Amino acid sequence: MDTSRLIIIKWVDAVSDGGWEEHEKPDIHEVTTAGYVVSETKDAVCIASTVSGTFTNARMHIPKAWIKSRKVIKLEAPVSKSKRKKVTAMGKGSDTATLSSTESR
């Protein structure tokens with residue numbers, strides 16, 4: 001599963017009422033869901049909000065007919081500890097500006 005891409009899906013969901021009610025106008029809810037794509041078919045997409053290795057949790061199966069828009073956000077690839085920039089002590093290192101004697105007064 002590609003965890004370097006987060007997907008945001010805007011979709012409409014069905015509404016359910018329980019009990020005896022007066023007649024009212026049909027209603028749907030606009031929903032925004034964010035997560036990682038677990039799987040996708042021609043009819044639906046399954047996204048999960050939590051990923052651990054090959055396991056996923058908090059999955060949502062959304063019918064594609066209900067999707068109004070979707071946007072993929074590319075996340076930065078994690079940098080391994082060995083490739084991170086080395087931290088230098090304050091006042092030392094190549095990124096410390098050197099002032100001439102006239103600038104330091």
# chains A, B, ... in the order shown; residues from 1 in each chain; ligands from 1
>>> residues_around(residues="Ala14 (chain A)", least_positions_apart="5", cutoff="10 Å", atoms="only C-alpha atoms", output="compact mmCIF listing (two decimals) with C-alpha atoms, in the first residue's frame")
# COMPACT_ATOMS: atom_id res chain seq x y z
CA PRO A 26 -35.46 13.80 1.43
CA ASP A 27 -32.02 14.77 2.71
CA ILE A 28 -28.43 13.69 2.12
CA HIS A 29 -25.28 14.66 3.98
CA GLU A 30 -22.13 16.04 2.39
CA TRP A 66 -21.60 8.88 -4.27
>>> residues_around(residues="region 54-65 of chain A", least_positions_apart="4", cutoff="8 Å", atoms="only C-alpha atoms", output="list of chain:residue names")
A:Met1, A:Val38, A:Lys42, A:Asp43, A:Ala44, A:Val45, A:Cys46, A:Ile47, A:Ala48, A:Ser49, A:Thr50
>>> atom_distance(atom1="CA of Ser4 (chain A)", atom2="CA of Ile67 (chain A)")
22.1 Å
>>> closest_residue(among="A:Glu21, A:Arg70, A:Thr41, A:Val51", to="Ile9 (chain A)", atoms="only C-alpha atoms")
A:Arg70
>>> atom_distance(atom1="CA of Lys74 (chain A)", atom2="CA of Val31 (chain A)")
21.6 Å
>>> atom_distance(atom1="CA of Asp2 (chain A)", atom2="CA of Glu40 (chain A)")
12.9 Å
